[in-house]
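Undergrad: Below is the file run.txt, with compact mmCIF, C-alpha atoms.
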```txt
# COMPACT_ATOMS: atom_id res chain seq x y z
CA MET O 4 -126.52 113.26 -111.80
CA GLY O 5 -125.49 113.88 -115.40
CA ASN O 6 -121.85 113.12 -114.62
CA ARG O 7 -122.82 109.87 -112.89
CA LEU O 8 -124.79 108.79 -115.95
CA LEU O 9 -121.92 109.80 -118.20
CA ASP O 10 -119.56 107.67 -116.11
CA ALA O 11 -121.96 104.72 -116.46
CA VAL O 12 -121.89 105.07 -120.25
CA ALA O 13 -118.10 105.36 -120.32
CA ALA O 14 -117.76 102.25 -118.16
CA ALA O 15 -120.18 100.31 -120.37
CA PHE O 16 -118.17 100.96 -123.54
CA GLY O 17 -114.74 100.67 -121.94
CA PRO O 18 -111.44 102.29 -122.88
CA ARG O 19 -111.82 101.53 -126.60
CA PRO O 20 -115.34 102.46 -127.67
CA PRO O 21 -116.39 101.89 -131.28
CA GLU O 22 -115.97 104.72 -133.78
CA ARG O 23 -119.63 104.38 -134.73
CA MET O 24 -122.53 103.31 -132.50
CA GLY O 25 -126.30 103.24 -132.46
CA VAL O 26 -128.90 103.91 -129.80
CA ALA O 27 -132.49 102.68 -129.68
CA VAL O 28 -134.90 105.39 -128.55
CA SER O 29 -138.64 104.95 -128.03
CA GLY O 30 -139.55 108.36 -126.61
CA GLY O 31 -139.94 107.08 -123.05
CA GLY O 32 -137.95 108.56 -120.19
CA ASP O 33 -135.30 105.84 -120.01
CA SER O 34 -134.30 105.98 -123.66
CA ILE O 35 -134.54 109.79 -123.85
CA ALA O 36 -132.11 110.04 -120.93
CA LEU O 37 -129.81 107.55 -122.64
CA LEU O 38 -129.91 109.50 -125.90
CA SER O 39 -129.09 112.76 -124.11
CA ILE O 40 -126.11 111.30 -122.24
CA LEU O 41 -124.86 109.29 -125.23
CA ALA O 42 -124.90 112.40 -127.42
CA ARG O 43 -122.59 114.12 -124.93
CA TYR O 44 -120.38 111.05 -124.64
CA ALA O 45 -120.18 110.60 -128.41
CA TYR O 46 -119.23 114.26 -128.89
CA GLU O 47 -116.44 114.04 -126.30
CA GLN O 48 -115.14 110.75 -127.73
CA ARG O 49 -115.59 111.77 -131.38
CA ILE O 50 -117.95 108.88 -131.98
CA GLU O 51 -120.45 108.87 -134.84
CA LEU O 52 -123.83 108.35 -133.16
CA HIS O 53 -126.91 107.00 -134.98
CA VAL O 54 -130.45 106.95 -133.58
CA ILE O 55 -133.20 104.46 -134.40
CA THR O 56 -136.83 104.13 -133.35
CA VAL O 57 -139.04 101.14 -134.18
CA ASP O 58 -142.75 101.83 -134.67
CA HIS O 59 -144.73 98.67 -133.99
CA GLY O 60 -147.94 100.24 -135.30
CA LEU O 61 -149.84 99.08 -132.23
CA ARG O 62 -150.56 102.38 -130.44
CA PRO O 63 -151.73 105.77 -131.75
CA GLU O 64 -149.53 107.47 -129.12
CA THR O 65 -146.42 106.27 -130.94
CA LYS O 66 -146.63 109.17 -133.38
CA GLU O 67 -146.23 111.69 -130.56
CA GLU O 68 -143.34 109.69 -129.09
CA ILE O 69 -141.60 109.71 -132.46
CA LYS O 70 -142.03 113.49 -132.69
CA VAL O 71 -140.34 113.87 -129.30
CA VAL O 72 -137.39 111.74 -130.42
CA THR O 73 -137.10 113.51 -133.77
CA GLY O 74 -137.18 116.89 -132.04
CA LEU O 75 -134.43 115.97 -129.61
CA CYS O 76 -132.31 114.51 -132.40
CA HIS O 77 -132.68 117.75 -134.35
CA LYS O 78 -131.61 119.72 -131.29
CA LEU O 79 -128.59 117.46 -130.80
CA GLY O 80 -127.65 117.50 -134.49
CA LEU O 81 -128.31 113.78 -134.95
CA GLN O 82 -130.11 111.96 -137.73
CA HIS O 83 -133.17 109.97 -136.64
CA HIS O 84 -133.97 106.71 -138.43
CA LEU O 85 -137.42 105.11 -138.25
CA GLU O 86 -138.30 101.46 -138.87
CA TYR O 87 -141.76 99.86 -138.98
CA TRP O 88 -142.69 96.44 -137.63
CA THR O 89 -145.68 94.99 -139.49
CA ASN O 90 -145.54 91.27 -138.70
CA TRP O 91 -148.21 91.03 -135.99
CA ASP O 92 -150.97 88.65 -137.09
CA GLY O 93 -152.96 88.68 -133.86
CA HIS O 94 -151.71 85.30 -132.68
CA GLY O 95 -149.14 84.28 -130.07
CA ASN O 96 -147.30 86.39 -127.51
CA LEU O 97 -147.49 89.98 -128.73
CA GLN O 98 -144.72 91.37 -126.52
CA ALA O 99 -142.32 88.55 -127.37
CA GLN O 100 -142.95 88.82 -131.11
CA ALA O 101 -142.66 92.60 -131.02
CA ARG O 102 -139.37 92.34 -129.12
CA ASP O 103 -137.91 89.82 -131.57
CA GLY O 104 -139.11 91.89 -134.51
CA ARG O 105 -137.59 95.02 -133.01
CA TYR O 106 -134.20 93.35 -132.57
CA THR O 107 -134.26 92.04 -136.14
CA LEU O 108 -135.08 95.44 -137.61
CA MET O 109 -132.46 97.19 -135.52
CA ALA O 110 -129.82 94.58 -136.38
CA ASP O 111 -130.51 94.95 -140.11
CA TRP O 112 -130.29 98.72 -139.77
CA ALA O 113 -127.03 98.46 -137.84
CA TYR O 114 -125.50 96.20 -140.50
CA ALA O 115 -126.52 98.61 -143.23
CA HIS O 116 -124.76 101.46 -141.41
CA GLN O 117 -121.71 99.42 -140.35
CA ILE O 118 -122.67 99.78 -136.71
CA THR O 119 -121.35 97.07 -134.39
CA HIS O 120 -122.71 98.36 -131.04
CA VAL O 121 -126.23 99.52 -130.18
CA ALA O 122 -127.15 100.98 -126.77
CA LEU O 123 -130.43 100.11 -125.04
CA GLY O 124 -132.13 102.03 -122.24
CA HIS O 125 -132.89 99.25 -119.74
CA THR O 126 -132.59 100.26 -116.10
CA ALA O 127 -132.18 98.62 -112.69
CA ASP O 128 -135.99 98.61 -112.45
CA ASP O 129 -136.21 96.55 -115.64
CA GLN O 130 -133.59 94.21 -114.22
CA ALA O 131 -135.50 93.75 -110.95
CA GLU O 132 -138.75 93.11 -112.79
CA THR O 133 -137.05 90.54 -115.01
CA VAL O 134 -135.68 88.70 -111.96
CA LEU O 135 -139.17 88.44 -110.47
CA MET O 136 -140.63 87.24 -113.77
CA ARG O 137 -137.96 84.56 -114.01
CA MET O 138 -138.58 83.54 -110.39
CA ALA O 139 -142.26 83.09 -111.23
CA ARG O 140 -141.15 80.59 -113.88
CA SER O 141 -138.84 78.76 -111.46
CA GLY O 142 -135.81 80.07 -113.30
CA GLY O 143 -132.34 78.71 -112.63
CA VAL O 144 -129.00 80.52 -112.57
CA ASP O 145 -129.31 81.79 -116.14
CA GLY O 146 -132.85 83.00 -115.62
CA LEU O 147 -132.11 84.84 -112.40
CA SER O 148 -129.05 86.49 -113.92
CA ALA O 149 -131.69 88.36 -115.97
CA MET O 150 -130.34 90.85 -118.52
CA SER O 151 -126.64 91.17 -119.31
CA PRO O 152 -124.92 94.57 -119.44
CA ARG O 153 -123.87 93.55 -122.95
CA HIS O 154 -124.65 90.62 -125.18
CA ILE O 155 -124.30 89.60 -128.81
CA ARG O 156 -127.36 88.89 -130.90
CA ASP O 157 -127.66 88.78 -134.69
CA GLY O 158 -124.00 89.74 -134.89
CA ILE O 159 -124.56 93.04 -133.03
CA THR O 160 -123.25 93.90 -129.55
CA TRP O 161 -126.14 95.27 -127.49
CA VAL O 162 -125.07 97.44 -124.56
CA ARG O 163 -127.16 98.48 -121.53
CA PRO O 164 -125.26 101.31 -119.82
CA PHE O 165 -128.01 102.09 -117.28
CA LEU O 166 -128.69 98.57 -116.06
CA ALA O 167 -127.52 99.51 -112.55
CA ILE O 168 -129.26 102.92 -112.54
CA PRO O 169 -132.75 103.21 -110.95
CA ARG O 170 -135.44 104.69 -113.15
CA LEU O 171 -136.11 107.36 -110.53
CA ASP O 172 -132.58 108.71 -111.00
CA LEU O 173 -133.14 109.03 -114.73
CA ARG O 174 -136.37 110.93 -114.13
CA SER O 175 -134.50 113.32 -111.83
CA TYR O 176 -131.92 113.90 -114.56
CA LEU O 177 -134.59 114.53 -117.20
CA GLN O 178 -136.40 117.03 -115.01
CA ALA O 179 -133.19 118.87 -114.15
CA ALA O 180 -132.20 118.97 -117.82
CA GLY O 181 -135.66 120.13 -118.91
CA LEU O 182 -136.06 117.22 -121.31
CA LEU O 183 -139.47 116.06 -122.53
CA TRP O 184 -140.47 112.43 -122.61
CA ILE O 185 -143.72 110.48 -123.00
CA ASP O 186 -144.70 107.59 -120.74
CA ASP O 187 -146.04 104.56 -122.60
CA PRO O 188 -149.73 104.17 -121.55
CA SER O 189 -149.34 100.38 -121.83
CA ASN O 190 -147.27 100.66 -118.64
CA LEU O 191 -150.64 100.90 -116.87
CA ASN O 192 -152.11 97.87 -118.62
CA ARG O 193 -152.23 95.03 -116.09
CA ASP O 194 -152.96 92.52 -118.84
CA PHE O 195 -149.18 92.46 -119.30
CA GLU O 196 -147.15 90.33 -116.92
CA ARG O 197 -144.39 92.91 -116.49
CA ILE O 198 -146.88 95.52 -115.29
CA ARG O 199 -148.33 93.11 -112.72
CA ILE O 200 -144.80 92.32 -111.58
CA ARG O 201 -144.13 96.06 -111.31
CA ASP O 202 -147.14 96.39 -109.02
CA ALA O 203 -145.92 93.47 -106.90
CA LEU O 204 -142.51 95.09 -106.63
CA THR O 205 -144.00 98.09 -104.83
CA VAL O 206 -145.28 95.69 -102.15
CA LEU O 207 -142.03 93.72 -101.94
CA GLU O 208 -140.08 96.91 -101.41
CA THR O 209 -141.75 97.26 -98.00
CA LEU O 210 -140.08 93.94 -97.09
CA GLY O 211 -136.67 95.06 -98.27
CA ILE O 212 -136.95 93.23 -101.59
CA GLY O 213 -136.59 96.26 -103.79
CA VAL O 214 -134.99 97.26 -107.06
CA GLU O 215 -131.47 97.47 -105.66
CA ALA O 216 -131.63 94.09 -103.89
CA LEU O 217 -133.04 92.28 -106.91
CA ALA O 218 -130.52 93.90 -109.24
CA GLN O 219 -127.78 92.65 -106.93
CA VAL O 220 -129.25 89.14 -107.08
CA ALA O 221 -129.04 89.34 -110.86
CA GLY O 222 -125.40 90.41 -110.57
CA HIS O 223 -124.56 87.51 -108.27
CA MET O 224 -126.30 85.05 -110.57
CA ALA O 225 -124.45 86.50 -113.56
CA GLN O 226 -121.16 85.76 -111.82
CA ALA O 227 -122.32 82.21 -111.11
CA ARG O 228 -123.38 81.81 -114.74
CA GLU O 229 -119.98 83.02 -115.89
CA ALA O 230 -118.28 80.37 -113.74
CA LEU O 231 -120.58 77.64 -115.03
CA ASP O 232 -120.04 78.76 -118.63
CA TRP O 233 -116.29 78.55 -118.12
CA GLN O 234 -116.53 75.03 -116.70
CA THR O 235 -118.76 74.05 -119.62
CA PHE O 236 -116.20 75.47 -122.04
CA LEU O 237 -113.42 73.45 -120.41
CA ALA O 238 -115.57 70.31 -120.55
CA ALA O 239 -116.33 70.92 -124.22
CA ARG O 240 -112.66 71.36 -125.05
CA GLU O 241 -111.91 68.06 -123.32
CA LEU O 242 -114.59 65.80 -124.76
CA ALA O 243 -116.32 67.50 -127.72
CA ASP O 244 -115.34 67.27 -131.37
CA VAL O 245 -117.03 69.15 -134.22
CA ARG O 246 -117.09 66.81 -137.22
CA ASN O 247 -118.53 67.93 -140.53
CA GLY O 248 -121.20 70.05 -138.84
CA ALA O 249 -122.14 67.43 -136.23
CA ILE O 250 -120.90 67.28 -132.65
CA ALA O 251 -119.39 64.16 -131.12
CA LEU O 252 -119.10 63.82 -127.33
CA GLU O 253 -117.08 61.13 -125.59
CA VAL O 254 -119.86 59.31 -123.76
CA ARG O 255 -117.95 58.07 -120.69
CA ARG O 256 -116.50 61.46 -119.82
CA PHE O 257 -119.81 63.15 -120.54
CA ARG O 258 -121.70 60.91 -118.16
CA THR O 259 -119.28 61.71 -115.31
CA LEU O 260 -119.82 65.49 -115.57
CA PRO O 261 -121.96 67.31 -112.97
CA THR O 262 -125.58 67.40 -114.10
CA GLU O 263 -125.63 71.17 -114.63
CA ILE O 264 -122.52 71.08 -116.82
CA LYS O 265 -123.99 68.23 -118.86
CA ARG O 266 -127.21 70.18 -119.30
CA ARG O 267 -125.38 73.34 -120.35
CA LEU O 268 -123.19 71.50 -122.81
CA LEU O 269 -126.18 69.81 -124.45
CA VAL O 270 -128.09 73.10 -124.58
CA HIS O 271 -125.16 74.77 -126.28
CA CYS O 272 -124.83 71.94 -128.78
CA LEU O 273 -128.51 72.16 -129.69
CA THR O 274 -128.67 75.95 -130.01
CA TRP O 275 -125.44 76.08 -132.00
CA LEU O 276 -126.60 73.40 -134.40
CA SER O 277 -130.08 74.82 -134.90
CA GLY O 278 -129.20 78.51 -134.71
CA SER O 279 -132.03 78.94 -132.23
CA THR O 280 -132.05 82.10 -130.11
CA TYR O 281 -133.75 80.40 -127.18
CA PRO O 282 -132.72 77.15 -125.48
CA PRO O 283 -135.08 74.21 -125.09
CA ARG O 284 -137.22 74.14 -121.96
CA ARG O 285 -135.76 72.57 -118.85
CA ASP O 286 -138.18 69.61 -118.86
CA ALA O 287 -137.23 68.83 -122.46
CA MET O 288 -133.56 68.99 -121.51
CA SER O 289 -134.19 66.59 -118.64
CA ARG O 290 -135.55 64.09 -121.15
CA ALA O 291 -132.54 64.65 -123.37
CA LEU O 292 -130.14 64.01 -120.50
CA GLU O 293 -131.98 60.83 -119.62
CA ALA O 294 -131.78 59.68 -123.24
CA VAL O 295 -128.01 60.20 -123.27
CA GLN O 296 -127.61 58.37 -119.97
CA THR O 297 -129.55 55.36 -121.30
CA GLY O 298 -128.21 55.44 -124.86
CA GLN O 299 -131.56 56.26 -126.48
CA THR O 300 -132.19 58.47 -129.50
CA ILE O 301 -134.20 61.66 -129.08
CA THR O 302 -135.23 64.56 -131.33
CA LEU O 303 -135.20 68.08 -129.89
CA ASN O 304 -134.93 71.66 -131.17
CA GLY O 305 -134.68 70.55 -134.81
CA CYS O 306 -131.78 68.27 -133.89
CA GLN O 307 -131.24 64.60 -133.15
CA ILE O 308 -129.22 63.09 -130.31
CA SER O 309 -128.05 59.48 -130.60
CA THR O 310 -125.42 57.28 -128.99
CA GLU O 311 -123.24 54.91 -131.01
CA ASP O 312 -120.44 52.88 -129.47
CA GLN O 313 -118.66 55.31 -127.14
CA THR O 314 -119.89 58.54 -128.74
CA VAL O 315 -122.88 60.80 -128.22
CA TRP O 316 -123.75 62.40 -131.54
CA LEU O 317 -125.73 65.60 -132.04
CA TYR O 318 -126.73 66.74 -135.53
CA ARG O 319 -129.57 68.35 -137.42
CA GLU O 320 -132.83 66.47 -137.84
CA LEU O 321 -133.54 65.71 -141.50
CA LYS O 322 -137.13 66.88 -141.19
CA ALA O 323 -135.90 70.31 -140.05
CA VAL O 324 -133.70 70.88 -143.11
CA ALA O 325 -135.37 68.78 -145.81
CA GLU O 326 -137.13 71.77 -147.40
CA MET O 327 -134.14 74.13 -147.24
CA VAL O 328 -132.89 74.87 -150.75
CA VAL O 329 -130.48 77.66 -151.77
CA GLU O 330 -128.32 78.56 -154.74
CA VAL O 331 -124.58 78.00 -154.75
CA GLY O 332 -122.97 80.93 -152.96
CA ASP O 333 -125.83 81.41 -150.51
CA VAL O 334 -125.70 80.16 -146.92
CA TRP O 335 -127.45 76.83 -146.39
CA ASP O 336 -129.10 76.13 -143.03
CA ASP O 337 -127.69 79.48 -141.85
CA ARG O 338 -124.22 77.97 -141.36
CA TRP O 339 -122.90 76.16 -144.46
CA PHE O 340 -121.02 77.73 -147.38
CA VAL O 341 -120.87 75.48 -150.44
CA ASP O 342 -118.46 76.41 -153.22
CA GLY O 343 -117.58 74.83 -156.52
CA PRO O 344 -116.75 75.36 -160.19
CA ASP O 345 -120.29 76.17 -161.28
CA ASP O 346 -122.67 78.81 -159.93
CA ASP O 347 -125.53 78.15 -162.35
CA PRO O 348 -128.70 79.43 -160.60
CA ASP O 349 -130.41 76.15 -161.47
CA ILE O 350 -127.94 74.27 -159.30
CA GLU O 351 -129.34 73.68 -155.82
CA VAL O 352 -127.79 73.15 -152.43
CA ARG O 353 -129.89 71.00 -150.10
CA ALA O 354 -129.68 68.18 -147.59
CA LEU O 355 -128.17 64.97 -148.90
CA GLY O 356 -130.97 62.74 -147.60
CA TYR O 357 -131.08 58.96 -147.26
CA ASP O 358 -132.14 57.82 -150.73
CA ILE O 359 -128.84 58.65 -152.43
CA LEU O 360 -126.59 57.03 -149.80
CA PRO O 361 -126.53 53.55 -151.43
CA GLU O 362 -124.90 55.17 -154.46
CA LEU O 363 -122.10 56.67 -152.33
CA GLU O 364 -119.90 53.72 -151.52
CA ASN O 365 -117.49 55.50 -149.19
CA TRP O 366 -119.78 57.65 -147.07
CA ARG O 367 -118.96 55.48 -144.04
CA ASP O 368 -115.36 56.67 -144.24
CA SER O 369 -116.54 59.85 -142.52
CA GLY O 370 -117.04 57.87 -139.33
CA MET O 371 -120.39 59.58 -138.82
CA PRO O 372 -123.82 58.03 -138.24
CA ARG O 373 -126.04 57.57 -141.28
CA ALA O 374 -128.55 60.14 -139.96
CA ALA O 375 -125.77 62.71 -139.48
CA ILE O 376 -124.47 62.26 -143.03
CA ALA O 377 -128.00 62.59 -144.41
CA VAL O 378 -128.24 66.20 -143.16
CA THR O 379 -124.97 67.41 -144.68
CA PRO O 380 -125.17 69.81 -147.66
CA SER O 381 -125.12 68.44 -151.19
CA VAL O 382 -125.30 69.88 -154.70
CA TRP O 383 -128.05 68.94 -157.18
CA TYR O 384 -128.99 69.77 -160.76
CA GLU O 385 -132.39 68.82 -162.18
CA GLY O 386 -132.83 66.05 -159.63
CA ARG O 387 -129.35 64.61 -160.16
CA LEU O 388 -126.64 64.64 -157.51
CA VAL O 389 -123.68 66.75 -158.61
CA ALA O 390 -121.59 66.61 -155.44
CA ALA O 391 -121.69 65.57 -151.81
CA PRO O 392 -118.72 67.47 -150.32
CA ILE O 393 -118.97 65.78 -146.90
CA ALA O 394 -120.17 62.28 -147.77
CA ALA O 395 -118.05 61.96 -150.93
CA PRO O 396 -115.29 64.60 -150.96
CA ASP O 397 -113.84 65.67 -154.29
CA ASP O 398 -111.41 68.31 -155.55
CA GLU O 399 -114.06 70.56 -157.08
CA TRP O 400 -116.75 71.10 -154.47
CA SER O 401 -116.34 72.10 -150.82
CA ALA O 402 -118.62 72.74 -147.86
CA GLU O 403 -117.37 74.87 -144.97
CA LEU O 404 -119.02 75.84 -141.70
CA GLU O 405 -119.39 79.55 -141.02
CA GLY O 406 -116.62 80.40 -138.55
CA GLY O 407 -115.25 76.87 -138.74
CA PRO O 408 -115.39 74.29 -135.92
CA ASP O 409 -113.83 76.75 -133.47
CA ALA O 410 -117.00 78.85 -133.63
CA PHE O 411 -118.71 76.17 -131.55
CA PHE O 412 -116.26 76.62 -128.68
CA ALA O 413 -116.04 80.40 -128.98
CA ALA O 414 -119.82 80.71 -128.71
CA LEU O 415 -119.68 79.13 -125.25
CA LEU O 416 -118.07 82.29 -123.90
CA SER O 417 -119.97 84.89 -125.93
CA HIS O 418 -122.47 86.05 -123.27
```
Can you dump the structure from the file as structure tokens?

TA:
Amino acid sequence: MGNRLLDAVAAAFGPRPPERMGVAVSGGGDSIALLSILARYAYEQRIELHVITVDHGLRPETKEEIKVVTGLCHKLGLQHHLEYWTNWDGHGNLQAQARDGRYTLMADWAYAHQITHVALGHTADDQAETVLMRMARSGGVDGLSAMSPRHIRDGITWVRPFLAIPRLDLRSYLQAAGLLWIDDPSNLNRDFERIRIRDALTVLETLGIGVEALAQVAGHMAQAREALDWQTFLAARELADVRNGAIALEVRRFRTLPTEIKRRLLVHCLTWLSGSTYPPRRDAMSRALEAVQTGQTITLNGCQISTEDQTVWLYRELKAVAEMVVEVGDVWDDRWFVDGPDDDPDIEVRALGYDILPELENWRDSGMPRAAIAVTPSVWYEGRLVAAPIAAPDDEWSAELEGGPDAFFAALLSH
């Protein structure tokens, strides 16, 4: 069993694994098995392995789980890093907020240690449960493709080597290796959707709808998603143009695309512009598609979609960026770098806005809608406009998109 798990890890990282990698370990059986196998793999490949655990401060049992992880790390000669999540205010979806907080903490830790890849201990059981949860929400191709073996988030590549391995196999390995783990008692709490889905899975298995079958469904849907993403990329290359941070789509060609490709292209435009991790809901996207078909203007995901002449424009909504203010040298709206001859901390970078446009005689030379120009970055000092690099270009001040316009197209294939 150990060799099979080792092969799964080797396949997940490919022929050129990183020189330094991280692994997230909670103390549960799945992550303990991953840590054990990764330690062996890292030793054989001469990889520097780092271990991180995130304490959400929600369960008293966590302290014992951390002791188990620390003890195994000591035995394996690995340093164990601990982070604390303290952002729970008692409101909203606890599991979702804890997950997002965990990813943020781990990504920050990885950056600090120059780690580009972090391994996660998700199994085929997790994959099957995710498929059922997505089915309950009437998920489409993307939803039913569930979790990816690897994906990029917050600039880190997250790898799931055991996504095709049943949890039972990992338990067999742990027992044979004499490794200690602690089961999370919340796995018995049926207040959580995933636990109710896990219970339902035991019934579905009697009908042949088990972990292996559902994991295969996810694999098939992932292949379908890959094909759709590729077609969306080709469509974007043919009819999309990134102009000064906004996106322009040729309306006639766009309207002739298959509905799913149109939807995917609009979703990508909106998430790229806003930097949002999650796409808009399907019903909201249906309204957006209808607006484009009829030439109406709609606001969605902190962005605005409008149609002028033969172009569909997508750009940031002024309300979403109006309060964003940074110093020169900092990133504005998480994607703009503004540079110039003066870095006085009293100089501000913020959205241009509408009020100043009458004073900029040539802003129409950009060929962009008034609302799109209003959300471009500008430089101010004590309430006075210093520069508007997009609306009124000059030789001193510049505004560049992080990654340039090509980042928009590259992100289409970054699953």

Undergrad: Compute the distance from (-118.9, 67.4, -117.5) to each atom, counting only C-alpha atoms, keep the residues with any atom at most 6 Å away, and return them as a list in words; use the coordinates of the file.

TA: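 These residues have at least one counted atom within 6 Å: Ala238, Phe257, Leu260, Pro261, Ile264 and Lys265 of chain O.
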
Undergrad: Find the distance between CA of Arg102 (chain O) and CA of Gly146 (chain O) and write it in Å to one decimal.

TA: 17.7 Å

Undergrad: Of the candidates O:Arg199, O:Leu292, O:Ile250, O:Val341, which shows the shortest atom-to-atom distance to Glu399 (chain O), using all atoms listed in the file?

TA: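 Answer, going by the shortest atom-to-atom distance: O:Val341.
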
Undergrad: Between CA of Leu147 (chain O) and CA of Met224 (chain O), what is the spacing in Å?

TA: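 Taking CA of Met224 (chain O) and CA of Leu147 (chain O), their separation equals 6.1 Å.
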
Undergrad: Got a sec: who's within 8 Å of region 37-42 of chain O, counting all atoms listed in the file, leaving out chain neighbours fewer than 6 positions off, as a PyMOL selection string?

TA: chain O and resi 5+8-9+12+26+28+52+79+123-124+165

Undergrad: Skip region 312-317 of chain O itself and residues of its chain fewer than 5 positions away, then list as an MDAnalysis selection string all residues within 7 Å of it, counting all atoms listed in the file.

TA: chainID O and resid 249:254 306:307

Undergrad: Could those selected residues go to a file with C-alpha atoms, as an mmCIF file, keeping the file's coordinate frame?

TA:
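This is the output file selection_0.cif:
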```cif
data_model
loop_
_atom_site.group_PDB
_atom_site.id
_atom_site.type_symbol
_atom_site.label_atom_id
_atom_site.label_comp_id
_atom_site.auth_asym_id
_atom_site.auth_seq_id
_atom_site.Cartn_x
_atom_site.Cartn_y
_atom_site.Cartn_z
ATOM 1 C CA ALA O 249 -122.140 67.430 -136.230
ATOM 2 C CA ILE O 250 -120.900 67.280 -132.650
ATOM 3 C CA ALA O 251 -119.390 64.160 -131.120
ATOM 4 C CA LEU O 252 -119.100 63.820 -127.330
ATOM 5 C CA GLU O 253 -117.080 61.130 -125.590
ATOM 6 C CA VAL O 254 -119.860 59.310 -123.760
ATOM 7 C CA CYS O 306 -131.780 68.270 -133.890
ATOM 8 C CA GLN O 307 -131.240 64.600 -133.150
#
```

Undergrad: Taking into account all atoms listed in the file, which residue in the set O:His154, O:Pro20, O:Ala139, O:Asp187 is nearest to Arg62 (chain O)?

TA: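 Using all atoms listed in the file, Arg62 (chain O) sits closest to O:Asp187.
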
Undergrad: Write out as a list of chain:residue names the residues lying within 8 Å of region 357-363 of chain O, counting only C-alpha atoms and excluding same-chain residues fewer than 6 positions away.

TA: O:Arg373, O:Ala374, O:Ala377, O:Ala394, O:Ala395

Undergrad: Interatomic distance between CA of Ala230 (chain O) and CA of Ala127 (chain O)?

TA: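 One can read the CA of Ala230 (chain O) to CA of Ala127 (chain O) distance as 23.0 Å.
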
Undergrad: Which of these, O:Leu108, O:Cys76, O:Leu404, O:Ile168, has the shortest distance to Arg338 (chain O) once you count only C-alpha atoms?

TA: O:Leu404

Undergrad: Using only C-alpha atoms, can you tell me which of O:Glu241, O:Asp347, O:Asp202, O:Asp145 comes closest to Arg228 (chain O)?

TA: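 Of the candidates, the smallest distance to Arg228 (chain O) is held by O:Asp145.
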
Undergrad: Which residue, O:His120, O:Glu68, O:Pro408, O:Ala36, has the smallest gap to Leu173 (chain O) when you use only C-alpha atoms?

TA: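 Nearest candidate to Leu173 (chain O) out of O:His120, O:Glu68, O:Pro408, O:Ala36: O:Ala36.
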
Undergrad: Nearest to Gly142 (chain O): which of O:Lys322, O:His83, O:His116, O:Arg285 is it, counting only C-alpha atoms?

TA: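 So, comparing all the options, the nearest one is O:Arg285.
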
Undergrad: Please tell me which residues are no farther than 12 Å from (-146.5, 93.6, -111.5) in the file, counting all atoms listed in the file, and write them as a PyMOL selection string.

TA: chain O and resi 128-129+131-136+139+190-207

Undergrad: Got time to write the residues from that selection, C-alpha atoms, as a CSV table (one decimal), in the coordinates of the input?

TA:
```csv
chain,number,residue,atom,x,y,z
O,128,ASP,CA,-136.0,98.6,-112.4
O,129,ASP,CA,-136.2,96.6,-115.6
O,131,ALA,CA,-135.5,93.8,-111.0
O,132,GLU,CA,-138.8,93.1,-112.8
O,133,THR,CA,-137.0,90.5,-115.0
O,134,VAL,CA,-135.7,88.7,-112.0
O,135,LEU,CA,-139.2,88.4,-110.5
O,136,MET,CA,-140.6,87.2,-113.8
O,139,ALA,CA,-142.3,83.1,-111.2
O,190,ASN,CA,-147.3,100.7,-118.6
O,191,LEU,CA,-150.6,100.9,-116.9
O,192,ASN,CA,-152.1,97.9,-118.6
O,193,ARG,CA,-152.2,95.0,-116.1
O,194,ASP,CA,-153.0,92.5,-118.8
O,195,PHE,CA,-149.2,92.5,-119.3
O,196,GLU,CA,-147.2,90.3,-116.9
O,197,ARG,CA,-144.4,92.9,-116.5
O,198,ILE,CA,-146.9,95.5,-115.3
O,199,ARG,CA,-148.3,93.1,-112.7
O,200,ILE,CA,-144.8,92.3,-111.6
O,201,ARG,CA,-144.1,96.1,-111.3
O,202,ASP,CA,-147.1,96.4,-109.0
O,203,ALA,CA,-145.9,93.5,-106.9
O,204,LEU,CA,-142.5,95.1,-106.6
O,205,THR,CA,-144.0,98.1,-104.8
O,206,VAL,CA,-145.3,95.7,-102.2
O,207,LEU,CA,-142.0,93.7,-101.9
```

Undergrad: Assuming 5 Å of padding per side, give the centre and edge lengths of the axis-aligned box around every listed atom of region 162-169 of chain O, in Å to one decimal and as lines of an AutoDock Vina configuration file.

TA:
```
center_x = -128.9
center_y = 100.3
center_z = -117.8
size_x = 17.7
size_y = 15.8
size_z = 23.6
```

Undergrad: Tell me, as a PyMOL selection string, which residues lie within 9 Å of Arg319 (chain O), counting only C-alpha atoms; anything in the same chain fewer than 5 positions away does not count.

TA: chain O and resi 248-249+273+276-277+304-308+324+374-375+378-379

Undergrad: So that I can check the surroundings of region 301-303 of chain O, please list as a PyMOL selection string every protein, DNA and RNA residue that reaches within 9 Å of it, counting all atoms listed in the file and ignoring chain neighbours fewer than 5 positions away.

TA: chain O and resi 273+283+287-288+290-291+294-295+308-309+320

Undergrad: Mind dumping the selected residues with C-alpha atoms as a JSON list (two decimals), in the coordinates of the input?

TA:
```
[["chain", "number", "residue", "atom", "x", "y", "z"],
["O", 273, "LEU", "CA", -128.51, 72.16, -129.69],
["O", 283, "PRO", "CA", -135.08, 74.21, -125.09],
["O", 287, "ALA", "CA", -137.23, 68.83, -122.46],
["O", 288, "MET", "CA", -133.56, 68.99, -121.51],
["O", 290, "ARG", "CA", -135.55, 64.09, -121.15],
["O", 291, "ALA", "CA", -132.54, 64.65, -123.37],
["O", 294, "ALA", "CA", -131.78, 59.68, -123.24],
["O", 295, "VAL", "CA", -128.01, 60.20, -123.27],
["O", 308, "ILE", "CA", -129.22, 63.09, -130.31],
["O", 309, "SER", "CA", -128.05, 59.48, -130.60],
["O", 320, "GLU", "CA", -132.83, 66.47, -137.84]]
```
